[in-house]
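The structure under discussion appears below in the form of C-alpha cells.
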Amino acid sequence: MVKRIKLRTIIIGGIFSLFFVILISRLFWYQVWNVDFWMEEAKASWSANKVLDAKRGTIYDQQGNVLAMDAPAYTVAVNPKVIQTLKTDSKLIEKNIDVEKLIVEQLHQVLGKPQDELFELTRKKGTSGEYAIHREVRSEGWKIDQEPADKLNTFISDLKKQTGKADIGLYLMPDSKRFYAKGNMASHVLGYLDKEEKPVGGVEVMFDEVLSGQDGSVYYEKDRIGNKLPSASEMYKPAKDGKNVYLTIDQTIQQYIESSMQKVYNQYRPQSITAIAADPKTGNILGMANMPTFDPNKYWEAESLSAFYNHAVQSRYEPGSTFKIVTLAAAVQENIFNPNAYFQSGSIRAGGRRISDHNNIGWGTITYLEGLKRSSNVAFVKLGYEQMEKETFKSYIELFGFGVPTGIELPGENKGYLGFQYPADYAAATYGHGQVTVTPIQQLMAVSAVANGGKLMKPNIVQKIEDPASGTVEQRKPEMVRQVIDESTAKQVSEYLEQVISDQKIGTGKNAYMESYRAAGKTGTALKVVNGEYDRERAVVSFIGYAPVEDPQIVVLIVVDDPKDYIYTGGGMVAAPMFKDIVYKSLRYMGVPTTQERNKVSSKSSESNFVKAPDVKGLKPAEAKKKLAEQGILYEMIGNGPTIKDQVPKAGEWLATDQHLYLLTGEADKMSLPDLKGKSLRDVMEICSLLDRKVQVEGEGFVTSYEEKNEGGQRTVYVKLAPKSK
C-alpha cells in the first residue's frame, strides 16, 4: 500500500513537473526567444496606422486650363444586416414600406445596375452565416460623380424621414477620383486612371511618378473601441502631393483640330484619322488627336479597343507623296533640283520595275517644278534615284529622323521602318512607297525642320512641371537634335512647296490655299497593302504643311486611313481642306497678322518703315494678341502668366515693321530665358532687358550659342554671334 502511494506520488509529481517545464518553456518562447514578434502583435491590438493619401497632380494645357484633376467622388455601399432587419420591422410592414425594394429600385435607376445583382448585395451573408454589415456596390457605384450622389443623398434623407430610422443601410462614402474636365478632348495625350487607380496610356502613365506624389501615414495608440488615446505617442509622416504638369497642348487649338476632324470622320467614315499640330521652331506639340476616340471619365464605354490606340505615335504607314518633301529637300541641298529643267512624265523604269505617275499617263514633257505641283512620281524617281547616290539619299532620310523614335514622352512610340535591300526599294522610297514606313510624329518633325530653317527638333509634350508645395518650376526647353539642311535650302524648299498650294490650276494642294496666309505643303496618297499586294481601291491619304511661309508659326499633319471613295477624294480633297480650317483658325487665335494686315501696316509706314508700339501692359494675353494682330505687329510672348507685366519696346516707342514686340507675363526674376538661338542682337538685348539680365556679346550676326551665369547675384548672358550661312 505504501509503495503504491509513493508510486502515485512520484507519477503525479512527475506530471506536474513536466507540465511546469512545458509551461516555463512556452513562457520562455513567448517572452524571451520570440519577444519581438509578440510585441508587434500586441502593439497591433492597441495601435493604428492610417495611410494619408497624396493628392495626384493636376494636368493643365499651356494656358493653365485644367485638363485632368482629382475631384470629389463617392462610393456607394449597403448594409445587408440593417436592410434585412428593417425588412422584418412590423411597424414598417404595417405602413407597407419595403426598404429593400425601395433601395434596389433607386440604385437601379440612378446607377444602372441590374436589380437582381442589387438584391444579391442586399441579402449577402458572411462566412458565419449572418448578414454582412458592409458591401460596396461595384462597379457602378464606385467613385460616382456629384450629380448621382446628390440624387442618392436626397433619397436617403427622404427614406429616413419616411421610416423614422436613423440608419436605413445605404451609405455614400466620401472619396476622390480622376476627373477629365474636357471629356474626350486630347484623351490619347492624357491617358486615364482605371478603376483600380492605375494609370493607363498617355501622360498619366509616362509621368505617373511625378503626378502621384507619396502617401503619408499617421501612427497612434487607441483604446479598445478604436478611439485615439489623448496622451498616446504619435508618429506623423505627411503626404507629399504630386506635382502639376503643364502640357504644350493648347486647349483652343486642340478643339479646332477635333472639331474639324469630326466632320471629316462623319463624312468619309475612315478606319481612323490622326492630326497633329506643332510649333516648328520649338517642337512643342500644340494639338494631337485621333479618331475613333474615348472619354477617359467613362473609358469602359469605348466602342472598341481601337479607340485607345494613339496612331500619332504608335502607327506606321507608307507616307506616299508627302514624303517627297524629304526627296526635294535632299535634291535642293545637293544642287540637283533645277525647277526649270524638263523631264518626260508618265512612267519610268527604275530598280527593275516600271513606275508610273498617279494618272498612269503623265502630262508630257514638263518642268521639275510642274512635276512637284502635280506630284509626279517620275520626277522624284529621277531626282532621288537617277541623279543622287543611293546611300546619299538614304542618309538624308536618316538625317530627317526616320527609322528611330523621336523621343516624344508618350508611351508605345513606334520607330518606323527602313528596309533598303534592293534598287527598287530606293526608287520607291523617293515618292514614299516600298520599304519605308513612318509614324505621324516622325513626319511632322521632319517637315518642321524644313519650316524652321533646317533644324530637326525633338517633339515636346510637356512645357513645365510645377511643385505646388515648394513653388519650384522645372521649365522644359526646346531641344535641337541636329541641323539637317542649310537655312537657305529650307527657304528654297518652302518657296517651292508654297506653289503646290498657291497654283490653283495644277497644284495638288490647292484646296489648302488661304488668302489670309501664305502656306506651304504637300498632299499624299499611299495605296494600302492587302494580302501582300497594293489595293488600288483603298489608301491612306494625308496632307502636311505649315504657315505663314515667311515666318512659320504652326505645322499640321493630317492622316486619314482608308476613307470611303478615296479615288474621287484623295489627300487634296479629304485632308487639305481640314488643314486649311485648322491652320486659319489657329493663326487667328495666336494673333498672327494676316498678309493683308501686314501689308496695310507696311503701306502706312512706307516712308519710315516704323510704327509706334501700342500699350498692352495690364491686358490679358489673348486681348494683347488680338490688339497686335489687328495692327499687324509681330510679337513674342515670354512666360505663361495671366496678364502682360511689361513690354519692350515700351509703349509709344518706334517699332520697325519687321521687329518683334516682346511681352513679359511673369515676374522677371522668376522667369527662365527663352531659346535665343537664331535671334538677332537687337532681339537678345530686348529680351534680356525685360528679364533683367546683363549681356556679354562675342562676334556679329545672329546667336549661335549662349550661356547664362549668376555672378555675384547678377545674372549675365554670354552670347556668341555669327553671320547666317548662305
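Simple scheme: letters A, B, ... for chains in C-alpha cells order, numbers from 1 for residues in each chain, numbers from 1 for ligands in the order shown.
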Practice problem: Please run DSSP on the backbone and report, as JSON, numbers by chain, all residues within range 376-486 of chain A that come out as helix (DSSP H, G or I). | Solution: {"A": [377, 378, 379, 380, 381, 382, 383, 384, 385, 386, 390, 391, 392, 393, 394, 395, 396, 397, 398, 399, 423, 424, 425, 426, 427, 428, 429, 440, 441, 442, 443, 444, 445, 446, 447, 448, 449, 450, 451]}
Exercise. Compile the contact shell of Ala289 in chain A as a PyMOL selection string: residues with an atom at most 8 Å away, counting only C-alpha atoms, same-chain residues fewer than 6 positions apart removed.
Key: chain A and resi 186-189+254+257-258+274-276+312
Test item: residues at most 9 Å from Leu634 in chain A, only C-alpha atoms, excluding those fewer than 6 positions along its chain, as a CSV table (one decimal) with all heavy atoms, in the first residue's frame:
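Saved file part-v8.csv follows:
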```csv
chain,number,residue,atom,x,y,z
A,591,GLY,N,-3.0,85.2,-82.9
A,591,GLY,CA,-2.7,86.6,-83.1
A,591,GLY,C,-1.7,86.9,-84.2
A,591,GLY,O,-1.0,88.0,-84.2
A,592,VAL,N,-1.5,85.9,-85.1
A,592,VAL,CA,-0.5,86.1,-86.2
A,592,VAL,C,-1.1,87.0,-87.2
A,592,VAL,O,-2.2,86.7,-87.8
A,592,VAL,CB,-0.1,84.8,-86.8
A,592,VAL,CG1,0.9,85.0,-87.9
A,592,VAL,CG2,0.5,83.9,-85.7
A,593,PRO,N,-0.5,88.2,-87.6
A,593,PRO,CA,-1.1,89.1,-88.6
A,593,PRO,C,-1.3,88.4,-89.9
A,593,PRO,O,-0.4,87.6,-90.4
A,593,PRO,CB,-0.1,90.2,-88.7
A,593,PRO,CG,0.7,90.1,-87.4
A,593,PRO,CD,0.8,88.7,-87.0
A,628,LEU,N,-2.6,93.4,-81.2
A,628,LEU,CA,-1.4,93.4,-82.0
A,628,LEU,C,-1.6,92.9,-83.4
A,628,LEU,O,-1.1,93.4,-84.4
A,628,LEU,CB,-0.2,92.6,-81.3
A,628,LEU,CG,0.2,93.2,-80.0
A,628,LEU,CD1,1.2,92.3,-79.3
A,628,LEU,CD2,0.8,94.6,-80.2
A,657,THR,N,8.7,97.6,-88.7
A,657,THR,CA,7.6,96.7,-89.2
A,657,THR,C,8.0,95.2,-89.1
A,657,THR,O,7.2,94.3,-89.1
A,657,THR,CB,7.2,97.0,-90.6
A,657,THR,OG1,8.3,97.0,-91.5
A,657,THR,CG2,6.5,98.4,-90.6
A,658,ASP,N,9.3,94.9,-89.2
A,658,ASP,CA,9.8,93.5,-89.1
A,658,ASP,C,10.3,93.2,-87.7
A,658,ASP,O,11.0,92.2,-87.5
A,658,ASP,CB,10.9,93.3,-90.2
A,658,ASP,CG,12.1,94.1,-89.9
A,658,ASP,OD1,12.0,95.1,-89.2
A,658,ASP,OD2,13.2,93.8,-90.6
A,659,GLN,N,10.1,94.1,-86.7
A,659,GLN,CA,10.6,93.9,-85.4
A,659,GLN,C,9.5,93.3,-84.5
A,659,GLN,O,8.3,93.6,-84.6
A,659,GLN,CB,11.1,95.3,-84.8
A,659,GLN,CG,11.7,95.2,-83.5
A,659,GLN,CD,12.1,96.6,-83.0
A,659,GLN,OE1,12.0,97.6,-83.7
A,659,GLN,NE2,12.5,96.7,-81.7
A,660,HIS,N,9.9,92.4,-83.6
A,660,HIS,CA,9.0,91.8,-82.6
A,660,HIS,C,8.8,92.7,-81.4
A,660,HIS,O,9.8,93.4,-80.9
A,660,HIS,CB,9.5,90.5,-82.1
A,660,HIS,CG,9.3,89.4,-83.1
A,660,HIS,ND1,10.1,89.2,-84.3
A,660,HIS,CD2,8.5,88.3,-83.1
A,660,HIS,CE1,9.7,88.2,-84.9
A,660,HIS,NE2,8.7,87.6,-84.3
A,661,LEU,N,7.6,92.8,-80.9
A,661,LEU,CA,7.3,93.4,-79.6
A,661,LEU,C,7.3,92.3,-78.6
A,661,LEU,O,6.6,91.3,-78.7
A,661,LEU,CB,5.9,94.0,-79.7
A,661,LEU,CG,5.5,94.8,-78.4
A,661,LEU,CD1,6.3,96.0,-78.2
A,661,LEU,CD2,4.0,95.2,-78.5
A,662,TYR,N,8.2,92.4,-77.6
A,662,TYR,CA,8.4,91.3,-76.6
A,662,TYR,C,7.5,91.6,-75.4
A,662,TYR,O,7.5,92.7,-74.8
A,662,TYR,CB,9.8,91.1,-76.2
A,662,TYR,CG,10.6,90.5,-77.3
A,662,TYR,CD1,11.3,91.3,-78.2
A,662,TYR,CD2,10.7,89.1,-77.5
A,662,TYR,CE1,12.1,90.7,-79.3
A,662,TYR,CE2,11.4,88.6,-78.5
A,662,TYR,CZ,12.1,89.4,-79.4
A,662,TYR,OH,12.8,88.8,-80.4
```
Exercise. May I have the residues within 9 Å of range 370-380 of chain A as a PyMOL selection string, using only C-alpha atoms and disregarding those fewer than 3 positions away in the same chain?
Key: chain A and resi 321+324+327-328+339-340+343-348+355-358+362-363+366-367+383-385+427-428+430-431+496-497+499-501+503+506-509+522-524
Emit the selected residues as a compact mmCIF listing (two decimals), in the first residue's frame, including N, CA, C and O atoms.
```txt
# COMPACT_ATOMS: atom_id res chain seq x y z
N SER A 321 3.08 60.60 -101.11
CA SER A 321 3.72 61.77 -101.70
C SER A 321 4.12 62.86 -100.71
O SER A 321 4.90 63.74 -101.06
N LYS A 324 7.76 63.15 -100.43
CA LYS A 324 8.52 63.81 -101.50
C LYS A 324 9.19 65.09 -100.99
O LYS A 324 10.14 65.57 -101.62
N THR A 327 12.69 64.08 -100.26
CA THR A 327 13.45 63.93 -101.51
C THR A 327 13.77 65.29 -102.10
O THR A 327 14.90 65.53 -102.57
N LEU A 328 12.80 66.20 -102.08
CA LEU A 328 13.00 67.54 -102.62
C LEU A 328 14.08 68.28 -101.83
O LEU A 328 14.98 68.90 -102.41
N PRO A 339 14.36 73.76 -111.00
CA PRO A 339 12.91 73.86 -111.23
C PRO A 339 12.53 74.07 -112.69
O PRO A 339 11.42 73.72 -113.09
N ASN A 340 13.45 74.60 -113.48
CA ASN A 340 13.13 74.91 -114.88
C ASN A 340 13.60 73.85 -115.86
O ASN A 340 13.37 73.96 -117.06
N PHE A 343 11.65 67.10 -117.98
CA PHE A 343 11.74 65.63 -117.99
C PHE A 343 10.46 65.10 -118.62
O PHE A 343 9.45 65.81 -118.74
N GLN A 344 10.51 63.82 -119.03
CA GLN A 344 9.34 63.18 -119.63
C GLN A 344 8.54 62.48 -118.55
O GLN A 344 9.01 61.54 -117.92
N SER A 345 7.33 62.95 -118.31
CA SER A 345 6.48 62.34 -117.29
C SER A 345 5.77 61.12 -117.86
O SER A 345 5.90 60.80 -119.04
N GLY A 346 5.01 60.44 -117.02
CA GLY A 346 4.25 59.28 -117.46
C GLY A 346 4.69 58.03 -116.74
O GLY A 346 4.00 57.52 -115.86
N SER A 347 5.88 57.51 -117.13
CA SER A 347 6.41 56.33 -116.47
C SER A 347 7.92 56.28 -116.64
O SER A 347 8.49 56.97 -117.50
N ILE A 348 8.55 55.46 -115.80
CA ILE A 348 10.00 55.31 -115.84
C ILE A 348 10.34 53.92 -115.31
O ILE A 348 9.65 53.39 -114.44
N ILE A 355 7.61 52.25 -112.99
CA ILE A 355 6.93 53.15 -112.05
C ILE A 355 6.19 54.21 -112.84
O ILE A 355 6.76 54.85 -113.73
N SER A 356 4.91 54.39 -112.51
CA SER A 356 4.06 55.33 -113.25
C SER A 356 3.64 56.49 -112.38
O SER A 356 3.64 56.40 -111.14
N ASP A 357 3.25 57.59 -113.03
CA ASP A 357 2.63 58.69 -112.32
C ASP A 357 1.23 58.28 -111.88
O ASP A 357 0.67 57.30 -112.39
N HIS A 358 0.66 59.05 -110.95
CA HIS A 358 -0.61 58.63 -110.36
C HIS A 358 -1.76 58.61 -111.35
O HIS A 358 -2.76 57.94 -111.12
N GLY A 362 0.82 60.50 -117.25
CA GLY A 362 1.65 61.69 -117.11
C GLY A 362 1.05 62.90 -117.80
O GLY A 362 -0.13 62.92 -118.18
N TRP A 363 1.91 63.95 -118.01
CA TRP A 363 1.47 65.21 -118.59
C TRP A 363 2.42 65.67 -119.69
O TRP A 363 2.58 66.87 -119.94
N ILE A 366 7.43 68.09 -119.06
CA ILE A 366 7.14 69.21 -118.15
C ILE A 366 8.39 69.53 -117.32
O ILE A 366 9.35 68.76 -117.29
N THR A 367 8.37 70.68 -116.64
CA THR A 367 9.50 71.07 -115.78
C THR A 367 9.40 70.32 -114.45
O THR A 367 8.33 69.82 -114.07
N LEU A 383 15.02 62.39 -109.56
CA LEU A 383 15.82 63.21 -108.64
C LEU A 383 16.53 62.37 -107.58
O LEU A 383 17.73 62.49 -107.36
N GLY A 384 15.77 61.51 -106.91
CA GLY A 384 16.31 60.79 -105.77
C GLY A 384 16.98 59.48 -106.10
O GLY A 384 17.76 58.96 -105.29
N TYR A 385 16.70 58.93 -107.29
CA TYR A 385 17.25 57.62 -107.64
C TYR A 385 18.28 57.71 -108.78
O TYR A 385 19.38 57.19 -108.67
N ALA A 427 14.22 53.33 -105.21
CA ALA A 427 13.40 54.04 -106.19
C ALA A 427 12.01 54.34 -105.63
O ALA A 427 11.50 55.46 -105.75
N ALA A 428 11.39 53.33 -104.97
CA ALA A 428 10.05 53.51 -104.42
C ALA A 428 10.04 54.51 -103.26
O ALA A 428 9.08 55.26 -103.07
N THR A 430 11.64 57.23 -102.96
CA THR A 430 11.71 58.64 -103.38
C THR A 430 10.33 59.28 -103.42
O THR A 430 10.22 60.51 -103.31
N TYR A 431 9.29 58.47 -103.58
CA TYR A 431 7.92 59.03 -103.58
C TYR A 431 7.07 58.41 -102.46
O TYR A 431 5.84 58.42 -102.51
N TYR A 496 9.10 76.50 -103.02
CA TYR A 496 8.57 75.53 -103.97
C TYR A 496 7.27 74.91 -103.46
O TYR A 496 6.29 74.76 -104.21
N LEU A 497 7.27 74.55 -102.17
CA LEU A 497 6.08 73.92 -101.59
C LEU A 497 4.91 74.89 -101.51
O LEU A 497 3.75 74.46 -101.54
N GLN A 499 4.07 76.85 -103.81
CA GLN A 499 3.42 76.83 -105.12
C GLN A 499 2.54 75.60 -105.31
O GLN A 499 1.63 75.61 -106.15
N VAL A 500 2.79 74.54 -104.55
CA VAL A 500 1.91 73.36 -104.59
C VAL A 500 0.50 73.75 -104.14
O VAL A 500 -0.49 73.20 -104.60
N ILE A 501 0.44 74.74 -103.24
CA ILE A 501 -0.85 75.21 -102.72
C ILE A 501 -1.37 76.40 -103.51
O ILE A 501 -2.56 76.47 -103.85
N ASP A 503 -0.80 77.46 -106.61
CA ASP A 503 -1.17 77.27 -108.01
C ASP A 503 -2.55 76.62 -108.08
O ASP A 503 -2.71 75.41 -107.87
N ILE A 506 -3.01 73.66 -111.25
CA ILE A 506 -2.44 72.31 -111.26
C ILE A 506 -1.90 71.87 -109.90
O ILE A 506 -1.50 70.71 -109.74
N GLY A 507 -1.88 72.74 -108.89
CA GLY A 507 -1.33 72.37 -107.59
C GLY A 507 -2.21 71.35 -106.89
O GLY A 507 -3.40 71.57 -106.70
N THR A 508 -1.61 70.20 -106.50
CA THR A 508 -2.40 69.17 -105.82
C THR A 508 -2.89 69.64 -104.45
O THR A 508 -3.85 69.10 -103.91
N GLY A 509 -2.24 70.66 -103.88
CA GLY A 509 -2.64 71.16 -102.58
C GLY A 509 -3.50 72.41 -102.64
O GLY A 509 -3.62 73.13 -101.65
N LYS A 522 2.14 69.71 -98.84
CA LYS A 522 2.15 68.62 -99.83
C LYS A 522 1.07 67.61 -99.49
O LYS A 522 0.84 67.29 -98.32
N THR A 523 0.40 67.13 -100.53
CA THR A 523 -0.60 66.07 -100.39
C THR A 523 0.09 64.71 -100.42
O THR A 523 1.24 64.58 -100.84
N GLY A 524 -0.63 63.70 -99.97
CA GLY A 524 -0.10 62.34 -100.02
C GLY A 524 -1.21 61.32 -100.19
O GLY A 524 -2.27 61.44 -99.57
```
Quiz item: How would you write, as a PyMOL selection string, the set of residues in range 87-334 of chain A that DSSP gives as strand (DSSP E or B)?
Solution: chain A and resi 125+131+135-136+144+170-180+192-193+199-200+214+216-222+228+234-237+240+244-247+272-278+284-291+317
Could you turn the residues from that selection into a file that holds N, CA and C atoms, as a short mmCIF file (atom, residue, chain, number, x, y, z; two decimals), in the first residue's frame?
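The resulting file, out03.cif, is reproduced below:
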```cif
data_model
loop_
_atom_site.label_atom_id
_atom_site.label_comp_id
_atom_site.auth_asym_id
_atom_site.auth_seq_id
_atom_site.Cartn_x
_atom_site.Cartn_y
_atom_site.Cartn_z
N LYS A 125 -24.51 37.36 -47.15
CA LYS A 125 -24.16 36.87 -45.83
C LYS A 125 -22.66 36.63 -45.74
N TYR A 131 -25.99 38.05 -41.81
CA TYR A 131 -25.97 39.07 -42.85
C TYR A 131 -24.74 39.97 -42.69
N ARG A 135 -21.17 46.20 -47.80
CA ARG A 135 -20.86 45.73 -49.15
C ARG A 135 -20.91 46.92 -50.12
N GLU A 136 -19.79 47.14 -50.84
CA GLU A 136 -19.76 48.23 -51.82
C GLU A 136 -20.49 47.80 -53.09
N ILE A 144 -18.66 57.59 -57.78
CA ILE A 144 -19.63 58.26 -58.64
C ILE A 144 -19.48 59.77 -58.51
N LEU A 170 -28.03 52.29 -46.34
CA LEU A 170 -27.47 52.78 -47.60
C LEU A 170 -26.57 53.97 -47.30
N TYR A 171 -25.33 53.94 -47.82
CA TYR A 171 -24.35 54.96 -47.47
C TYR A 171 -23.61 55.48 -48.70
N LEU A 172 -23.15 56.73 -48.59
CA LEU A 172 -22.25 57.32 -49.58
C LEU A 172 -20.96 57.69 -48.86
N MET A 173 -19.87 57.03 -49.23
CA MET A 173 -18.59 57.26 -48.57
C MET A 173 -17.76 58.25 -49.38
N PRO A 174 -17.36 59.38 -48.76
CA PRO A 174 -16.56 60.38 -49.49
C PRO A 174 -15.26 59.78 -50.02
N ASP A 175 -14.93 60.17 -51.22
CA ASP A 175 -13.72 59.65 -51.87
C ASP A 175 -13.27 60.70 -52.88
N SER A 176 -12.30 60.37 -53.70
CA SER A 176 -11.89 61.25 -54.79
C SER A 176 -11.63 60.40 -56.02
N LYS A 177 -11.72 61.01 -57.18
CA LYS A 177 -11.48 60.29 -58.43
C LYS A 177 -10.82 61.22 -59.43
N ARG A 178 -10.25 60.64 -60.45
CA ARG A 178 -9.64 61.43 -61.51
C ARG A 178 -10.74 61.94 -62.42
N PHE A 179 -10.72 63.24 -62.64
CA PHE A 179 -11.75 63.86 -63.46
C PHE A 179 -11.10 64.55 -64.65
N TYR A 180 -11.60 64.24 -65.84
CA TYR A 180 -11.08 64.82 -67.08
C TYR A 180 -12.05 65.89 -67.54
N TYR A 192 -5.61 57.74 -68.94
CA TYR A 192 -6.63 57.74 -67.91
C TYR A 192 -6.20 56.88 -66.73
N LEU A 193 -6.92 57.01 -65.60
CA LEU A 193 -6.75 56.13 -64.46
C LEU A 193 -7.88 55.11 -64.47
N PRO A 199 -2.57 54.09 -63.69
CA PRO A 199 -2.53 54.89 -64.92
C PRO A 199 -2.43 54.02 -66.16
N VAL A 200 -3.16 54.41 -67.18
CA VAL A 200 -3.15 53.69 -68.45
C VAL A 200 -2.97 54.71 -69.57
N GLN A 214 3.71 61.05 -52.95
CA GLN A 214 4.00 60.00 -51.98
C GLN A 214 2.96 60.04 -50.86
N GLY A 216 1.36 59.60 -47.21
CA GLY A 216 1.87 59.77 -45.85
C GLY A 216 1.23 58.76 -44.92
N SER A 217 1.49 58.89 -43.62
CA SER A 217 0.90 57.98 -42.65
C SER A 217 0.87 58.63 -41.27
N VAL A 218 -0.04 58.13 -40.42
CA VAL A 218 -0.08 58.56 -39.03
C VAL A 218 -0.23 57.31 -38.16
N TYR A 219 0.63 57.20 -37.15
CA TYR A 219 0.63 56.04 -36.24
C TYR A 219 0.27 56.55 -34.85
N TYR A 220 -0.71 55.90 -34.20
CA TYR A 220 -1.12 56.33 -32.88
C TYR A 220 -1.66 55.14 -32.09
N GLU A 221 -1.73 55.29 -30.74
CA GLU A 221 -2.30 54.26 -29.88
C GLU A 221 -3.77 54.55 -29.65
N LYS A 222 -4.55 53.47 -29.47
CA LYS A 222 -6.00 53.62 -29.37
C LYS A 222 -6.55 52.80 -28.22
N LYS A 228 -8.54 57.34 -30.46
CA LYS A 228 -7.16 57.71 -30.18
C LYS A 228 -7.02 58.12 -28.71
N GLU A 234 2.58 59.51 -30.90
CA GLU A 234 2.09 59.59 -32.28
C GLU A 234 3.24 59.87 -33.23
N MET A 235 3.25 59.13 -34.33
CA MET A 235 4.25 59.37 -35.38
C MET A 235 3.51 59.79 -36.64
N TYR A 236 3.89 60.92 -37.19
CA TYR A 236 3.17 61.51 -38.32
C TYR A 236 4.12 61.76 -39.49
N LYS A 237 3.77 61.22 -40.62
CA LYS A 237 4.52 61.47 -41.85
C LYS A 237 3.54 62.08 -42.85
N LYS A 240 2.93 63.76 -49.44
CA LYS A 240 3.54 64.70 -50.37
C LYS A 240 2.75 64.64 -51.68
N ASN A 244 2.25 69.23 -60.47
CA ASN A 244 1.38 69.60 -61.57
C ASN A 244 2.16 69.61 -62.88
N VAL A 245 1.53 69.12 -63.92
CA VAL A 245 2.18 69.05 -65.23
C VAL A 245 1.45 69.96 -66.21
N TYR A 246 2.19 70.87 -66.81
CA TYR A 246 1.64 71.76 -67.84
C TYR A 246 2.08 71.24 -69.20
N LEU A 247 1.11 70.94 -70.04
CA LEU A 247 1.41 70.41 -71.37
C LEU A 247 1.66 71.55 -72.36
N SER A 272 -9.55 55.36 -89.38
CA SER A 272 -9.05 56.27 -88.36
C SER A 272 -8.61 57.58 -89.01
N ILE A 273 -8.52 58.61 -88.17
CA ILE A 273 -7.94 59.90 -88.58
C ILE A 273 -6.97 60.32 -87.49
N THR A 274 -5.85 60.86 -87.91
CA THR A 274 -4.86 61.41 -86.98
C THR A 274 -4.52 62.82 -87.40
N ALA A 275 -4.40 63.71 -86.44
CA ALA A 275 -3.97 65.09 -86.73
C ALA A 275 -3.05 65.56 -85.62
N ILE A 276 -1.96 66.22 -86.02
CA ILE A 276 -1.02 66.78 -85.05
C ILE A 276 -0.66 68.19 -85.51
N ALA A 277 -0.60 69.11 -84.55
CA ALA A 277 -0.14 70.47 -84.81
C ALA A 277 1.02 70.77 -83.88
N ALA A 278 2.02 71.49 -84.40
CA ALA A 278 3.20 71.81 -83.59
C ALA A 278 3.75 73.17 -83.95
N ASN A 284 7.26 72.08 -79.86
CA ASN A 284 6.14 71.95 -78.92
C ASN A 284 4.89 71.48 -79.65
N ILE A 285 4.28 70.41 -79.15
CA ILE A 285 3.05 69.91 -79.75
C ILE A 285 1.88 70.76 -79.26
N LEU A 286 1.20 71.40 -80.19
CA LEU A 286 0.09 72.30 -79.85
C LEU A 286 -1.25 71.57 -79.80
N GLY A 287 -1.34 70.45 -80.50
CA GLY A 287 -2.56 69.66 -80.51
C GLY A 287 -2.28 68.29 -81.10
N MET A 288 -2.95 67.27 -80.59
CA MET A 288 -2.79 65.91 -81.10
C MET A 288 -4.08 65.15 -80.85
N ALA A 289 -4.62 64.54 -81.88
CA ALA A 289 -5.90 63.83 -81.73
C ALA A 289 -6.00 62.68 -82.71
N ASN A 290 -6.81 61.71 -82.32
CA ASN A 290 -7.11 60.55 -83.17
C ASN A 290 -8.60 60.27 -83.09
N MET A 291 -9.12 59.69 -84.15
CA MET A 291 -10.47 59.14 -84.13
C MET A 291 -10.42 57.77 -84.79
N TYR A 317 3.10 53.79 -91.37
CA TYR A 317 2.43 53.62 -92.65
C TYR A 317 3.33 54.12 -93.76
#
```
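Restricting the calculation to only C-alpha atoms, the smallest distance between Arg269 in chain A and any of A:Arg138, A:Lys564, A:Lys165, A:Lys195 is found for A:Lys564.
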Write out as an mmCIF file with N, CA, C and O atoms, in the first residue's frame each polymer residue whose atoms come within 10 Å of Arg482 in chain A, counting only C-alpha atoms; drop sequence neighbours fewer than 2 positions from it.
```
data_model
loop_
_atom_site.group_PDB
_atom_site.id
_atom_site.type_symbol
_atom_site.label_atom_id
_atom_site.label_comp_id
_atom_site.auth_asym_id
_atom_site.auth_seq_id
_atom_site.Cartn_x
_atom_site.Cartn_y
_atom_site.Cartn_z
ATOM 1 N N LEU A 399 18.894 61.424 -91.636
ATOM 2 C CA LEU A 399 19.122 62.738 -91.031
ATOM 3 C C LEU A 399 17.813 63.393 -90.608
ATOM 4 O O LEU A 399 17.742 64.066 -89.569
ATOM 5 N N PHE A 400 16.767 63.180 -91.394
ATOM 6 C CA PHE A 400 15.466 63.765 -91.077
ATOM 7 C C PHE A 400 14.754 63.025 -89.944
ATOM 8 O O PHE A 400 13.646 63.391 -89.568
ATOM 9 N N GLY A 401 15.379 61.984 -89.402
ATOM 10 C CA GLY A 401 14.851 61.348 -88.195
ATOM 11 C C GLY A 401 14.031 60.102 -88.407
ATOM 12 O O GLY A 401 13.424 59.589 -87.448
ATOM 13 N N ALA A 449 11.469 70.660 -89.698
ATOM 14 C CA ALA A 449 12.863 71.024 -89.964
ATOM 15 C C ALA A 449 12.983 71.857 -91.236
ATOM 16 O O ALA A 449 13.846 72.742 -91.328
ATOM 17 N N GLY A 454 15.888 74.262 -91.203
ATOM 18 C CA GLY A 454 16.764 73.096 -91.298
ATOM 19 C C GLY A 454 17.081 72.394 -90.004
ATOM 20 O O GLY A 454 17.901 71.472 -89.979
ATOM 21 N N LYS A 455 16.427 72.785 -88.892
ATOM 22 C CA LYS A 455 16.741 72.189 -87.588
ATOM 23 C C LYS A 455 15.737 71.089 -87.249
ATOM 24 O O LYS A 455 14.544 71.334 -87.175
ATOM 25 N N LEU A 456 16.252 69.869 -87.027
ATOM 26 C CA LEU A 456 15.395 68.785 -86.563
ATOM 27 C C LEU A 456 15.252 68.921 -85.055
ATOM 28 O O LEU A 456 16.230 68.852 -84.314
ATOM 29 N N MET A 457 14.019 69.121 -84.592
ATOM 30 C CA MET A 457 13.750 69.331 -83.175
ATOM 31 C C MET A 457 13.163 68.068 -82.548
ATOM 32 O O MET A 457 12.492 67.280 -83.216
ATOM 33 N N LYS A 458 13.408 67.904 -81.259
ATOM 34 C CA LYS A 458 12.754 66.833 -80.510
ATOM 35 C C LYS A 458 11.358 67.308 -80.138
ATOM 36 O O LYS A 458 11.196 68.419 -79.633
ATOM 37 N N GLU A 479 14.730 71.365 -77.662
ATOM 38 C CA GLU A 479 15.956 70.587 -77.842
ATOM 39 C C GLU A 479 16.160 70.278 -79.330
ATOM 40 O O GLU A 479 15.341 69.601 -79.941
ATOM 41 N N MET A 480 17.247 70.794 -79.883
ATOM 42 C CA MET A 480 17.552 70.528 -81.285
ATOM 43 C C MET A 480 18.349 69.227 -81.388
ATOM 44 O O MET A 480 19.322 69.018 -80.670
ATOM 45 N N VAL A 484 19.776 69.586 -90.286
ATOM 46 C CA VAL A 484 19.573 68.599 -91.351
ATOM 47 C C VAL A 484 19.954 69.166 -92.711
ATOM 48 O O VAL A 484 20.645 68.509 -93.500
ATOM 49 N N ILE A 485 19.482 70.372 -93.002
ATOM 50 C CA ILE A 485 19.794 71.058 -94.254
ATOM 51 C C ILE A 485 20.124 72.511 -93.930
ATOM 52 O O ILE A 485 19.830 72.997 -92.847
#
```
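Going from CA of Glu597 in chain A over to CA of Gly632 in chain A, you cover 5.0 Å.
If only C-alpha atoms are the atoms counted, then among A:Lys101, A:Asn184, A:Asp53, A:Lys510 the closest residue to Gln115 in chain A is A:Lys101.
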